[in-house]
file query.txt (compact mmCIF, C-alpha atoms)
# COMPACT_ATOMS: atom_id res chain seq x y z
CA MET A 1 -130.84 -24.04 -67.27
CA LYS A 2 -132.23 -22.36 -64.15
CA ARG A 3 -133.08 -19.28 -66.20
CA ASN A 4 -135.12 -21.27 -68.70
CA LEU A 5 -136.89 -23.07 -65.89
CA SER A 6 -137.86 -19.75 -64.24
CA LEU A 7 -139.26 -18.43 -67.51
CA PHE A 8 -141.27 -21.60 -68.04
CA LEU A 9 -142.75 -21.46 -64.51
CA SER A 10 -143.68 -17.77 -64.98
CA ILE A 11 -145.59 -18.56 -68.17
CA ILE A 12 -147.46 -21.40 -66.42
CA PHE A 13 -148.38 -19.08 -63.53
CA LEU A 14 -149.66 -16.31 -65.81
CA ALA A 15 -151.75 -18.75 -67.84
CA THR A 16 -153.27 -20.15 -64.64
CA VAL A 17 -154.21 -16.66 -63.36
CA LEU A 18 -155.80 -15.67 -66.67
CA THR A 19 -157.81 -18.88 -66.69
CA PHE A 20 -159.51 -17.99 -63.41
CA ILE A 21 -160.20 -14.30 -64.23
CA PRO A 22 -163.89 -13.91 -65.21
CA LYS A 23 -164.16 -13.44 -68.95
CA SER A 24 -167.02 -10.96 -68.54
CA SER A 25 -164.75 -8.47 -66.78
CA ILE A 26 -162.26 -8.61 -69.66
CA ILE A 27 -165.00 -8.10 -72.27
CA SER A 28 -166.58 -5.24 -70.37
CA ALA A 29 -163.24 -3.49 -70.15
CA GLU A 30 -162.70 -3.84 -73.88
CA GLU A 31 -166.30 -3.29 -75.01
CA LYS A 32 -167.51 -0.39 -72.89
CA GLN A 33 -170.81 0.85 -74.29
CA LEU A 34 -171.29 4.51 -75.27
CA VAL A 35 -174.45 6.59 -75.76
CA TYR A 36 -174.49 10.02 -77.40
CA VAL A 37 -177.09 12.42 -75.94
CA ILE A 38 -178.06 15.28 -78.27
CA PRO A 39 -180.43 18.13 -77.28
CA VAL A 40 -183.20 19.16 -79.70
CA GLU A 41 -184.46 22.32 -78.05
CA GLN A 42 -185.98 25.72 -78.86
CA GLY A 43 -186.94 26.38 -82.49
CA ILE A 44 -186.32 23.94 -85.34
CA GLU A 45 -184.20 25.75 -87.95
CA ARG A 46 -181.36 25.11 -90.36
CA GLY A 47 -178.73 25.84 -87.75
CA LEU A 48 -180.06 22.95 -85.66
CA GLU A 49 -179.90 20.68 -88.72
CA ARG A 50 -176.19 21.47 -89.19
CA PHE A 51 -175.55 20.89 -85.48
CA LEU A 52 -177.22 17.46 -85.63
CA GLU A 53 -175.18 16.55 -88.71
CA ARG A 54 -172.00 17.26 -86.78
CA ALA A 55 -173.24 15.42 -83.67
CA PHE A 56 -174.28 12.31 -85.65
CA SER A 57 -170.91 12.27 -87.41
CA GLU A 58 -169.12 12.39 -84.06
CA ALA A 59 -171.27 9.54 -82.75
CA GLU A 60 -170.38 7.41 -85.77
CA ASN A 61 -166.66 8.12 -85.39
CA ALA A 62 -166.86 7.19 -81.71
CA PHE A 63 -168.69 3.90 -82.56
CA ALA A 64 -171.55 4.86 -80.24
CA ASP A 65 -174.08 2.14 -79.37
CA ALA A 66 -177.06 4.51 -79.39
CA ILE A 67 -178.11 8.12 -79.94
CA ILE A 68 -180.68 9.75 -77.68
CA LEU A 69 -182.40 12.92 -78.91
CA GLU A 70 -183.69 14.81 -75.88
CA ILE A 71 -186.58 16.77 -77.39
CA ASN A 72 -188.32 19.83 -76.02
CA THR A 73 -189.51 22.15 -78.80
CA LEU A 74 -192.61 23.92 -80.05
CA GLY A 75 -191.57 23.41 -83.67
CA GLY A 76 -190.17 25.62 -86.39
CA SER A 77 -189.10 25.29 -90.02
CA VAL A 78 -190.69 22.41 -91.91
CA ASP A 79 -187.77 22.30 -94.35
CA ALA A 80 -185.27 21.97 -91.51
CA ALA A 81 -187.40 19.25 -89.87
CA ILE A 82 -187.47 17.23 -93.10
CA GLY A 83 -183.69 17.52 -93.37
CA ILE A 84 -183.31 16.28 -89.79
CA GLY A 85 -185.77 13.45 -90.48
CA LYS A 86 -183.67 12.27 -93.43
CA LEU A 87 -180.58 12.43 -91.26
CA ILE A 88 -182.22 10.15 -88.68
CA GLN A 89 -183.59 7.75 -91.29
CA LYS A 90 -180.20 6.98 -92.82
CA GLU A 91 -178.40 6.65 -89.47
CA GLN A 92 -177.21 3.10 -88.76
CA ILE A 93 -176.87 3.69 -85.01
CA PRO A 94 -180.20 3.19 -83.13
CA VAL A 95 -181.82 6.59 -82.50
CA TYR A 96 -184.19 7.13 -79.57
CA ALA A 97 -186.45 10.15 -79.16
CA TYR A 98 -186.78 11.15 -75.50
CA ILE A 99 -189.52 13.79 -75.21
CA LYS A 100 -188.83 15.90 -72.11
CA GLY A 101 -191.71 18.34 -72.35
CA GLU A 102 -193.05 19.22 -75.78
CA ALA A 103 -192.59 17.72 -79.24
CA ILE A 104 -194.99 19.99 -81.09
CA SER A 105 -195.26 20.60 -84.85
CA ALA A 106 -191.86 19.94 -86.47
CA GLY A 107 -190.77 18.36 -83.19
CA SER A 108 -193.38 15.62 -83.59
CA TYR A 109 -192.07 14.81 -87.08
CA ILE A 110 -188.49 14.49 -85.78
CA SER A 111 -189.74 12.19 -83.00
CA LEU A 112 -191.66 9.94 -85.41
CA ASN A 113 -188.48 9.36 -87.42
CA ALA A 114 -186.66 7.88 -84.40
CA ASP A 115 -186.50 4.11 -83.96
CA LYS A 116 -188.28 4.38 -80.60
CA ILE A 117 -190.11 7.15 -78.77
CA TYR A 118 -190.04 7.52 -74.99
CA MET A 119 -191.80 10.29 -73.09
CA GLU A 120 -191.63 11.81 -69.66
CA PRO A 121 -194.94 11.92 -67.75
CA ASN A 122 -197.17 14.86 -68.82
CA SER A 123 -195.14 15.52 -71.96
CA HIS A 124 -196.90 16.06 -75.31
CA ILE A 125 -196.57 15.26 -79.00
CA GLY A 126 -198.61 16.47 -82.01
CA ALA A 127 -200.25 19.68 -83.35
CA ALA A 128 -198.16 19.68 -86.51
CA ALA A 129 -200.21 21.96 -88.79
CA VAL A 130 -198.19 23.97 -91.30
CA ARG A 131 -198.47 27.75 -90.99
CA THR A 132 -196.71 30.74 -92.46
CA ILE A 133 -194.33 32.84 -90.38
CA SER A 134 -197.24 35.23 -89.69
CA GLY A 135 -199.40 32.37 -88.39
CA GLN A 136 -201.69 32.09 -91.42
CA GLN A 137 -202.86 28.75 -92.78
CA VAL A 138 -201.16 27.53 -95.93
CA ASP A 139 -202.48 26.08 -99.19
CA PRO A 140 -204.21 22.67 -98.71
CA LYS A 141 -201.66 21.17 -101.12
CA ILE A 142 -198.84 22.00 -98.70
CA THR A 143 -200.85 20.49 -95.83
CA SER A 144 -201.29 17.30 -97.84
CA TRP A 145 -197.58 17.23 -98.69
CA TRP A 146 -196.59 17.64 -95.04
CA ALA A 147 -199.12 15.03 -93.92
CA SER A 148 -197.57 12.51 -96.32
CA HIS A 149 -194.17 13.06 -94.68
CA MET A 150 -195.69 12.54 -91.21
CA ILE A 151 -197.42 9.34 -92.38
CA ASP A 152 -194.22 7.98 -93.94
CA ALA A 153 -192.28 8.63 -90.74
CA ALA A 154 -194.93 6.83 -88.68
CA LYS A 155 -195.19 3.94 -91.14
CA GLN A 156 -191.49 3.12 -91.24
CA ASN A 157 -191.39 2.82 -87.43
CA ASN A 158 -194.71 0.97 -87.02
CA LYS A 159 -196.59 3.91 -85.51
CA ASN A 160 -200.27 4.74 -85.96
CA GLU A 161 -200.44 6.38 -89.39
CA GLU A 162 -203.93 7.82 -89.01
CA ILE A 163 -202.95 9.60 -85.80
CA ALA A 164 -199.88 11.00 -87.55
CA ARG A 165 -202.19 12.35 -90.28
CA GLY A 166 -204.52 13.80 -87.67
CA MET A 167 -201.64 15.78 -86.16
CA VAL A 168 -201.47 17.74 -89.43
CA ASP A 169 -204.96 17.61 -90.94
CA PRO A 170 -207.88 18.83 -88.77
CA ALA A 171 -210.31 17.03 -91.10
CA VAL A 172 -209.23 13.68 -89.64
CA GLU A 173 -211.62 12.35 -86.99
CA ILE A 174 -210.73 9.46 -84.68
CA PRO A 175 -213.59 8.31 -82.42
CA GLY A 176 -212.76 8.69 -78.75
CA LEU A 177 -209.66 10.75 -79.49
CA SER A 178 -210.37 13.74 -81.70
CA LYS A 179 -213.26 15.55 -83.35
CA LYS A 180 -213.34 16.96 -86.85
CA GLY A 181 -211.70 20.40 -86.95
CA GLN A 182 -209.24 19.61 -84.16
CA LEU A 183 -205.57 18.75 -84.52
CA ILE A 184 -204.44 15.71 -82.55
CA THR A 185 -202.13 16.35 -79.61
CA LEU A 186 -201.34 13.46 -77.27
CA ASP A 187 -200.06 13.49 -73.74
CA SER A 188 -197.69 10.72 -72.67
CA ASP A 189 -200.47 8.37 -71.53
CA LEU A 190 -202.49 8.72 -74.73
CA ALA A 191 -199.35 8.45 -76.86
CA LEU A 192 -198.55 5.13 -75.18
CA LYS A 193 -202.16 3.92 -75.45
CA TYR A 194 -202.41 4.65 -79.19
CA GLY A 195 -199.02 3.27 -80.10
CA ILE A 196 -197.14 6.51 -80.75
CA ALA A 197 -194.87 6.22 -77.69
CA ASP A 198 -192.95 3.06 -76.84
CA GLY A 199 -192.79 3.83 -73.16
CA ILE A 200 -192.97 6.39 -70.35
CA VAL A 201 -189.81 7.01 -68.31
CA GLN A 202 -189.07 9.31 -65.41
CA SER A 203 -185.47 10.11 -66.29
CA ARG A 204 -182.63 9.52 -68.70
CA LYS A 205 -181.22 6.86 -66.38
CA GLN A 206 -184.49 4.94 -66.49
CA LEU A 207 -184.50 5.25 -70.28
CA LEU A 208 -180.98 3.82 -70.50
CA ASN A 209 -182.03 0.90 -68.31
CA THR A 210 -185.12 0.35 -70.45
CA ILE A 211 -183.13 0.10 -73.69
CA GLY A 212 -180.48 -2.15 -72.10
CA LEU A 213 -177.73 0.45 -71.84
CA GLY A 214 -177.88 1.16 -68.13
CA SER A 215 -174.15 0.71 -67.65
CA ALA A 216 -173.14 2.66 -70.75
CA ASP A 217 -171.12 5.85 -70.66
CA THR A 218 -173.03 8.90 -71.89
CA TYR A 219 -171.62 11.82 -73.80
CA GLU A 220 -173.68 15.00 -74.02
CA VAL A 221 -173.09 16.93 -77.23
CA GLY A 222 -173.22 20.68 -76.74
CA LEU A 223 -173.46 23.58 -79.14
CA THR A 224 -170.26 25.44 -79.92
CA PRO A 225 -170.41 29.28 -79.74
CA ALA A 226 -170.32 29.36 -83.55
CA GLU A 227 -173.26 26.92 -83.75
CA ARG A 228 -175.22 29.02 -81.26
CA LEU A 229 -174.70 32.08 -83.45
CA ALA A 230 -175.63 30.08 -86.55
CA ARG A 231 -178.84 28.82 -84.94
CA PHE A 232 -179.74 32.34 -83.83
CA SER A 233 -179.03 34.08 -87.13
CA THR A 234 -180.79 31.46 -89.31
CA ASN A 235 -183.98 31.60 -87.26
CA PRO A 236 -186.81 32.67 -89.63
CA TYR A 237 -187.97 35.27 -87.12
CA VAL A 238 -184.49 36.72 -86.61
CA ILE A 239 -183.47 37.08 -90.28
CA PRO A 240 -185.79 40.06 -91.09
CA ILE A 241 -184.74 41.76 -87.85
CA LEU A 242 -181.04 41.48 -88.73
CA LEU A 243 -181.70 42.95 -92.19
CA ILE A 244 -183.79 45.78 -90.74
CA ILE A 245 -181.03 46.66 -88.26
CA GLY A 246 -178.36 46.40 -90.97
CA LEU A 247 -180.12 48.77 -93.38
CA ALA A 248 -181.17 51.12 -90.58
CA GLY A 249 -177.58 51.42 -89.37
CA ILE A 250 -176.44 52.54 -92.83
CA LEU A 251 -179.32 55.01 -93.20
CA ILE A 252 -178.72 56.59 -89.80
CA GLU A 253 -175.02 56.89 -90.59
CA LEU A 254 -175.87 58.78 -93.80
CA PHE A 255 -178.11 61.32 -92.07
CA ILE A 256 -176.78 61.78 -88.55
CA PRO A 257 -173.10 62.64 -88.04
CA GLY A 258 -171.50 60.80 -85.16
CA PHE A 259 -168.77 58.36 -84.30
CA GLY A 260 -169.94 55.61 -86.67
CA ILE A 261 -171.81 53.73 -83.94
CA ALA A 262 -174.94 53.28 -86.05
CA GLY A 263 -172.88 52.15 -89.02
CA LEU A 264 -170.95 49.73 -86.84
CA ILE A 265 -174.20 48.23 -85.52
CA GLY A 266 -175.53 47.91 -89.07
CA ILE A 267 -172.37 46.21 -90.32
CA SER A 268 -172.42 43.89 -87.28
CA ALA A 269 -176.00 42.86 -88.09
CA PHE A 270 -175.06 42.07 -91.68
CA SER A 271 -171.93 40.23 -90.51
CA LEU A 272 -174.00 38.08 -88.15
CA TYR A 273 -176.44 37.33 -90.96
CA PHE A 274 -173.71 36.20 -93.37
CA PHE A 275 -171.67 34.37 -90.71
CA GLY A 276 -174.65 32.33 -89.56
CA HIS A 277 -175.66 31.37 -93.08
CA TYR A 278 -172.09 30.62 -94.11
CA PHE A 279 -171.47 28.45 -91.04
CA ALA A 280 -174.77 26.65 -91.59
CA GLY A 281 -173.69 25.87 -95.14
CA PHE A 282 -176.15 28.08 -97.05
CA ALA A 283 -174.01 31.06 -98.03
CA GLY A 284 -170.84 30.78 -100.08
CA TRP A 285 -167.96 33.18 -100.53
CA GLU A 286 -169.54 34.41 -103.77
CA ASP A 287 -172.57 35.69 -101.82
CA ILE A 288 -170.36 37.53 -99.34
CA ILE A 289 -168.30 39.01 -102.20
CA PHE A 290 -171.50 40.20 -103.89
CA PHE A 291 -172.46 42.03 -100.70
CA ILE A 292 -169.02 43.57 -100.14
CA VAL A 293 -168.74 44.74 -103.78
CA GLY A 294 -172.23 46.25 -103.53
CA PHE A 295 -171.29 48.13 -100.37
CA ILE A 296 -168.08 49.45 -101.96
CA LEU A 297 -169.96 50.66 -105.06
CA MET A 298 -172.44 52.53 -102.87
CA VAL A 299 -169.57 54.25 -101.05
CA VAL A 300 -167.99 55.14 -104.41
CA GLU A 301 -171.27 56.77 -105.44
CA LEU A 302 -170.96 59.12 -102.46
CA PHE A 303 -167.60 60.49 -103.57
CA VAL A 304 -167.41 59.97 -107.34
CA PRO A 305 -169.94 61.52 -109.75
CA GLY A 306 -171.38 58.55 -111.61
CA PHE A 307 -174.92 59.68 -112.52
CA GLY A 308 -176.24 56.99 -110.13
CA ILE A 309 -174.66 54.10 -112.01
CA PHE A 310 -172.37 53.10 -109.14
CA GLY A 311 -175.21 53.39 -106.67
CA ALA A 312 -177.64 51.33 -108.75
CA LEU A 313 -175.09 48.57 -109.37
CA GLY A 314 -174.17 48.66 -105.69
CA VAL A 315 -177.78 48.20 -104.55
CA ILE A 316 -178.30 45.33 -107.00
CA SER A 317 -175.09 43.58 -105.92
CA LEU A 318 -175.76 44.13 -102.21
CA PHE A 319 -179.34 42.83 -102.41
CA ALA A 320 -178.26 39.85 -104.54
CA GLY A 321 -175.73 38.84 -101.89
CA ILE A 322 -178.38 38.99 -99.16
CA ILE A 323 -181.01 37.03 -101.11
CA PHE A 324 -178.73 34.27 -102.39
CA ALA A 325 -177.12 33.79 -98.96
CA ALA A 326 -180.46 32.80 -97.40
CA TYR A 327 -181.25 29.10 -96.92
CA GLU A 328 -184.18 29.66 -99.28
CA THR A 329 -184.08 32.37 -101.97
CA SER A 330 -187.79 33.16 -101.71
CA TYR A 331 -187.57 33.66 -97.94
CA GLY A 332 -184.45 35.79 -98.37
CA LEU A 333 -186.39 37.99 -100.81
CA ILE A 334 -189.39 38.25 -98.46
CA SER A 335 -187.16 39.18 -95.52
CA LEU A 336 -185.39 41.82 -97.61
CA VAL A 337 -188.70 43.33 -98.76
CA ILE A 338 -189.82 43.57 -95.12
CA ALA A 339 -186.54 45.29 -94.21
CA VAL A 340 -186.81 47.73 -97.14
CA VAL A 341 -190.41 48.67 -96.27
CA VAL A 342 -189.54 49.32 -92.63
CA ASN A 343 -186.46 51.34 -93.57
CA SER A 344 -188.43 53.36 -96.15
CA ILE A 345 -190.46 54.74 -93.26
CA LEU A 346 -187.23 55.43 -91.38
CA PHE A 347 -185.80 57.14 -94.48
CA PHE A 348 -188.66 59.66 -94.70
CA ILE A 349 -188.36 60.45 -90.99
CA LEU A 350 -184.61 60.98 -91.23
CA PHE A 351 -184.92 63.00 -94.43
CA LYS A 352 -187.47 65.30 -92.84
CA TYR A 353 -185.51 66.08 -89.70
CA PHE A 354 -181.85 65.42 -90.55
CA LYS A 355 -181.47 66.07 -94.29
CA HIS A 356 -178.83 68.77 -93.75
CA GLN A 357 -176.58 66.55 -91.63
CA GLY A 358 -174.27 63.61 -92.16
CA LEU A 359 -173.02 62.13 -95.43
CA TRP A 360 -176.42 62.69 -97.05
CA ASN A 361 -175.53 66.38 -97.06
CA ARG A 362 -173.24 65.61 -100.00
CA PHE A 363 -176.28 65.03 -102.20
CA ILE A 364 -177.81 68.42 -101.46
CA LEU A 365 -177.00 71.39 -103.73
CA LYS A 366 -175.78 74.21 -101.48
CA ASP A 367 -174.87 76.83 -104.12
CA GLU A 368 -177.27 79.77 -104.38
CA GLN A 369 -177.79 82.07 -107.33
CA LYS A 370 -177.99 85.44 -105.62
CA LYS A 371 -178.58 88.89 -107.13
CA GLU A 372 -175.23 90.04 -105.75
CA GLY A 373 -173.56 87.40 -107.86
CA GLY A 374 -175.12 88.70 -111.05
CA TYR A 375 -178.02 86.26 -111.22
CA ILE A 376 -181.33 87.96 -112.11
CA SER A 377 -184.46 85.95 -112.73
CA HIS A 378 -186.78 86.98 -115.51
CA THR A 379 -189.98 88.60 -114.36
CA LYS A 380 -193.17 89.27 -116.20
CA ASP A 381 -192.40 92.88 -117.15
CA LYS A 382 -194.86 94.17 -119.76
CA THR A 383 -193.64 97.76 -119.29
CA ILE A 384 -190.89 97.17 -121.83
CA VAL A 385 -193.41 96.55 -124.63
CA GLY A 386 -192.67 99.19 -127.33
CA HIS A 387 -189.16 99.83 -126.02
CA LYS A 388 -186.32 99.62 -128.47
CA GLY A 389 -182.90 98.06 -128.12
CA ARG A 390 -180.11 96.36 -130.01
CA THR A 391 -179.26 92.70 -130.59
CA LEU A 392 -176.06 91.57 -128.95
CA THR A 393 -176.11 88.16 -130.66
CA LYS A 394 -177.79 86.74 -133.71
CA LEU A 395 -181.42 85.84 -133.16
CA ARG A 396 -182.03 82.39 -134.73
CA PRO A 397 -184.72 82.97 -133.67
CA SER A 398 -183.63 83.36 -130.01
CA GLY A 399 -180.66 85.26 -128.66
CA VAL A 400 -179.64 88.13 -126.38
CA ALA A 401 -180.52 91.82 -126.74
CA LEU A 402 -179.76 95.00 -124.80
CA ILE A 403 -182.95 96.86 -123.86
CA ASP A 404 -182.91 99.88 -121.54
CA ASN A 405 -179.27 99.02 -120.77
CA LYS A 406 -180.25 95.51 -119.49
CA ARG A 407 -179.51 92.16 -121.07
CA TYR A 408 -182.54 90.07 -121.96
CA ASP A 409 -183.10 86.71 -123.56
CA VAL A 410 -185.39 87.47 -126.48
CA VAL A 411 -187.09 85.71 -129.40
CA SER A 412 -187.78 87.12 -132.83
CA GLU A 413 -191.12 86.76 -134.62
CA GLY A 414 -189.68 83.83 -136.52
CA VAL A 415 -187.16 85.44 -138.83
CA TRP A 416 -183.44 85.54 -138.19
CA ILE A 417 -181.95 88.88 -137.13
CA GLU A 418 -178.26 89.65 -137.33
CA ALA A 419 -176.25 90.98 -134.38
CA ASN A 420 -176.04 94.75 -133.73
CA GLN A 421 -179.43 95.41 -135.28
CA GLU A 422 -182.07 97.71 -133.83
CA ILE A 423 -185.09 95.84 -132.46
CA GLU A 424 -188.39 96.69 -130.78
CA VAL A 425 -190.29 94.72 -128.11
CA ILE A 426 -193.72 93.86 -129.48
CA PHE A 427 -195.02 91.33 -126.93
CA VAL A 428 -194.20 89.89 -123.44
CA GLU A 429 -195.60 86.53 -122.40
CA GLY A 430 -194.34 85.38 -119.02
CA THR A 431 -190.57 85.27 -119.34
CA ARG A 432 -190.77 85.21 -123.13
CA ILE A 433 -189.92 88.54 -124.81
CA ILE A 434 -190.78 88.77 -128.51
CA VAL A 435 -189.09 91.37 -130.67
CA ARG A 436 -188.95 92.49 -134.31
CA GLU A 437 -186.29 94.25 -136.33
CA VAL A 438 -186.78 98.02 -136.84
CA LYS A 439 -186.49 98.75 -140.52
CA LYS A 440 -184.70 101.87 -141.45

call {"tool": "encode", "arguments": {"input": "query.txt", "output": "structure tokens"}}
result
Amino acid sequence: MKRNLSLFLSIIFLATVLTFIPKSSIISAEEKQLVYVIPVEQGIERGLERFLERAFSEAENAFADAIILEINTLGGSVDAAIGIGKLIQKEQIPVYAYIKGEAISAGSYISLNADKIYMEPNSHIGAAAVRTISGQQVDPKITSWWASHMIDAAKQNNKNEEIARGMVDPAVEIPGLSKKGQLITLDSDLALKYGIADGIVQSRKQLLNTIGLGSADTYEVGLTPAERLARFSTNPYVIPILLIIGLAGILIELFIPGFGIAGLIGISAFSLYFFGHYFAGFAGWEDIIFFIVGFILMVVELFVPGFGIFGALGVISLFAGIIFAAYETSYGLISLVIAVVVNSILFFILFKYFKHQGLWNRFILKDEQKKEGGYISHTKDKTIVGHKGRTLTKLRPSGVALIDNKRYDVVSEGVWIEANQEIEVIFVEGTRIIVREVKK
């Protein structure tokens, strides 16, 4: 009886205590808010797109309350930017762009796709003209296509569409802001004034307070070493360099004997190229196999006489692996052409100064036909005209005859002459000796 009474009193006491505990403290302990902070820095390329895909997936699995993209970039690949924009558009978690310096070119497009844009003082957004890798202007159709993407991004988040167009198209003129022929670039104050930015904040903490997440935990997503390599090796400016180094390493190894250092550097460059593209999701195992098979066939050509068949198939397979592994086939082809042109110059230099060294020496014929070995070249010797000799073989109409105790390749006037017949030299033209049969 006493035991039951003690249990009853304990339950009453616990219920009383829970009644007086503030409910807000219980809720806050159970519903702690979480914000994922993701850096968008340096160049915009496919490696960054894959990194953001992974970061967004982690934020979803962690039931994050918001995602903050801390942006500081001068732009990069338009294709990668569009992929990132689509990733932001379909994200259910609120995404905030926090511009901490520059959001230029592709960076401005990524920012416009965010639900809200906040900027640090003296930061900038805009100047999103499309240019080739060499800095040249592109076809007006591409400019129009890119401008439509910028306008759509601005429209879906209630931003000024005409300003978004003016960031891409210099023909757009906005009184008091830009003149015809100038791309629009806004500092933080102008971006806020013209409705591109939603606010100016001094720090991440102030941003969190502004969006009502001041007490939230923050988790900064960092690049893994593999993602860093992928971002580096898929950079449009780095790809041609890797291919140049890869081909140059193989060429140097062919011409200059050593410890394989040049070959190792070349293989490392190719390995970095394929690793980055494979990790970023562009290259498959079939592309890597193409490259490896091509390399093996080229090595086989060095040691097995194949009339160039192995070498030709090897080059085709190797180049196919490189081109198809690129995030865009056309760019892979352009990068490869650049690498081949540069290495063609290197090839002529190496061939001129080092052709008798290294593995390339296998392709050079070293045997000499010397007089001591019985090799005698025909000379223009007209002194034997009128001399007589005897056929050693049948002349049909060419064959061999013995004249002045020397063997000569001769040709009859057109008739066939049997072996062991007496002949006479009637004419010498260069190395051609014409004879006729002496009738008895």

call {"tool": "residues_around", "arguments": {"input": "query.txt", "residues": "Pro175 (chain A)", "least_positions_apart": "2", "cutoff": "12 Å", "atoms": "only C-alpha atoms", "output": "PDB file with C-alpha atoms, keeping the file's coordinate frame"}}
result
ATOM      1  CA  GLU A 162    -203.930   7.820 -89.010  1.00  0.00           C
ATOM      2  CA  ILE A 163    -202.950   9.600 -85.800  1.00  0.00           C
ATOM      3  CA  GLY A 166    -204.520  13.800 -87.670  1.00  0.00           C
ATOM      4  CA  VAL A 172    -209.230  13.680 -89.640  1.00  0.00           C
ATOM      5  CA  GLU A 173    -211.620  12.350 -86.990  1.00  0.00           C
ATOM      6  CA  LEU A 177    -209.660  10.750 -79.490  1.00  0.00           C
ATOM      7  CA  SER A 178    -210.370  13.740 -81.700  1.00  0.00           C
ATOM      8  CA  LYS A 179    -213.260  15.550 -83.350  1.00  0.00           C
ATOM      9  CA  LYS A 180    -213.340  16.960 -86.850  1.00  0.00           C
ATOM     10  CA  ILE A 184    -204.440  15.710 -82.550  1.00  0.00           C
TER      11      ILE A 184
END

call {"tool": "atom_distance", "arguments": {"input": "query.txt", "atom1": "CA of Ala339 (chain A)", "atom2": "CA of Pro240 (chain A)"}}
result
6.1 Å

call {"tool": "closest_residue", "arguments": {"input": "query.txt", "among": "A:Thr391, A:Thr431, A:Ser108, A:Thr218", "to": "Val37 (chain A)", "atoms": "only C-alpha atoms"}}
result
A:Thr218

call {"tool": "closest_residue", "arguments": {"input": "query.txt", "among": "A:Val35, A:Leu392, A:Leu48, A:Ile151", "to": "Ile93 (chain A)", "atoms": "all atoms listed in the file"}}
result
A:Val35

call {"tool": "axis_aligned_box", "arguments": {"input": "query.txt", "around": "region 46-59 of chain A", "padding_each_side": "5 Å", "output": "JSON"}}
result
{"center_x": -175.2, "center_y": 17.7, "center_z": -86.6, "size_x": 22.2, "size_y": 26.3, "size_z": 17.6}

call {"tool": "residues_around", "arguments": {"input": "query.txt", "residues": "Gln202 (chain A)", "least_positions_apart": "6", "cutoff": "10 Å", "atoms": "all atoms listed in the file", "output": "PyMOL selection string"}}
result
chain A and resi 100+118-121

call {"tool": "closest_residue", "arguments": {"input": "query.txt", "among": "A:Gly195, A:Lys32, A:Leu74, A:Phe56", "to": "Leu112 (chain A)", "atoms": "all atoms listed in the file"}}
result
A:Gly195

call {"tool": "closest_residue", "arguments": {"input": "query.txt", "among": "A:Gly314, A:Pro39, A:Gly199, A:Gly47", "to": "Thr73 (chain A)", "atoms": "all atoms listed in the file"}}
result
A:Pro39

call {"tool": "atom_distance", "arguments": {"input": "query.txt", "atom1": "CA of Asn113 (chain A)", "atom2": "CA of His277 (chain A)"}}
result
26.1 Å

call {"tool": "closest_residue", "arguments": {"input": "query.txt", "among": "A:Lys90, A:Arg390, A:Arg407, A:Arg54", "to": "Leu223 (chain A)", "atoms": "only C-alpha atoms"}}
result
A:Arg54

call {"tool": "atom_distance", "arguments": {"input": "query.txt", "atom1": "CA of Arg204 (chain A)", "atom2": "CA of Ile67 (chain A)"}}
result
12.2 Å

call {"tool": "residues_around", "arguments": {"input": "query.txt", "residues": "Phe232 (chain A)", "least_positions_apart": "2", "cutoff": "10 Å", "atoms": "all atoms listed in the file", "output": "PDB file with C-alpha atoms, keeping the file's coordinate frame"}}
result
ATOM      1  CA  GLY A  43    -186.940  26.380 -82.490  1.00  0.00           C
ATOM      2  CA  GLU A  45    -184.200  25.750 -87.950  1.00  0.00           C
ATOM      3  CA  ARG A  46    -181.360  25.110 -90.360  1.00  0.00           C
ATOM      4  CA  GLY A  47    -178.730  25.840 -87.750  1.00  0.00           C
ATOM      5  CA  LEU A  48    -180.060  22.950 -85.660  1.00  0.00           C
ATOM      6  CA  ALA A 226    -170.320  29.360 -83.550  1.00  0.00           C
ATOM      7  CA  GLU A 227    -173.260  26.920 -83.750  1.00  0.00           C
ATOM      8  CA  ARG A 228    -175.220  29.020 -81.260  1.00  0.00           C
ATOM      9  CA  LEU A 229    -174.700  32.080 -83.450  1.00  0.00           C
ATOM     10  CA  ALA A 230    -175.630  30.080 -86.550  1.00  0.00           C
ATOM     11  CA  THR A 234    -180.790  31.460 -89.310  1.00  0.00           C
ATOM     12  CA  ASN A 235    -183.980  31.600 -87.260  1.00  0.00           C
ATOM     13  CA  PRO A 236    -186.810  32.670 -89.630  1.00  0.00           C
ATOM     14  CA  TYR A 237    -187.970  35.270 -87.120  1.00  0.00           C
ATOM     15  CA  VAL A 238    -184.490  36.720 -86.610  1.00  0.00           C
ATOM     16  CA  ILE A 239    -183.470  37.080 -90.280  1.00  0.00           C
ATOM     17  CA  LEU A 272    -174.000  38.080 -88.150  1.00  0.00           C
ATOM     18  CA  TYR A 273    -176.440  37.330 -90.960  1.00  0.00           C
ATOM     19  CA  GLY A 276    -174.650  32.330 -89.560  1.00  0.00           C
TER      20      GLY A 276
END

call {"tool": "closest_residue", "arguments": {"input": "query.txt", "among": "A:Glu422, A:Glu70, A:Glu437, A:Glu49", "to": "Ser203 (chain A)", "atoms": "all atoms listed in the file"}}
result
A:Glu70

call {"tool": "residues_around", "arguments": {"input": "query.txt", "residues": "Phe319 (chain A)", "least_positions_apart": "6", "cutoff": "12 Å", "atoms": "all atoms listed in the file", "output": "VMD selection string"}}
result
chain A and resid 243 247 270 287 to 295 298 312 to 313 325 to 326 329 332 to 337 339 to 340

call {"tool": "residues_around", "arguments": {"input": "query.txt", "residues": "Ile403 (chain A)", "least_positions_apart": "3", "cutoff": "12 Å", "atoms": "only C-alpha atoms", "output": "ChimeraX atom specification"}}
result
/A:383-392,400,406-410,422-425,433,435
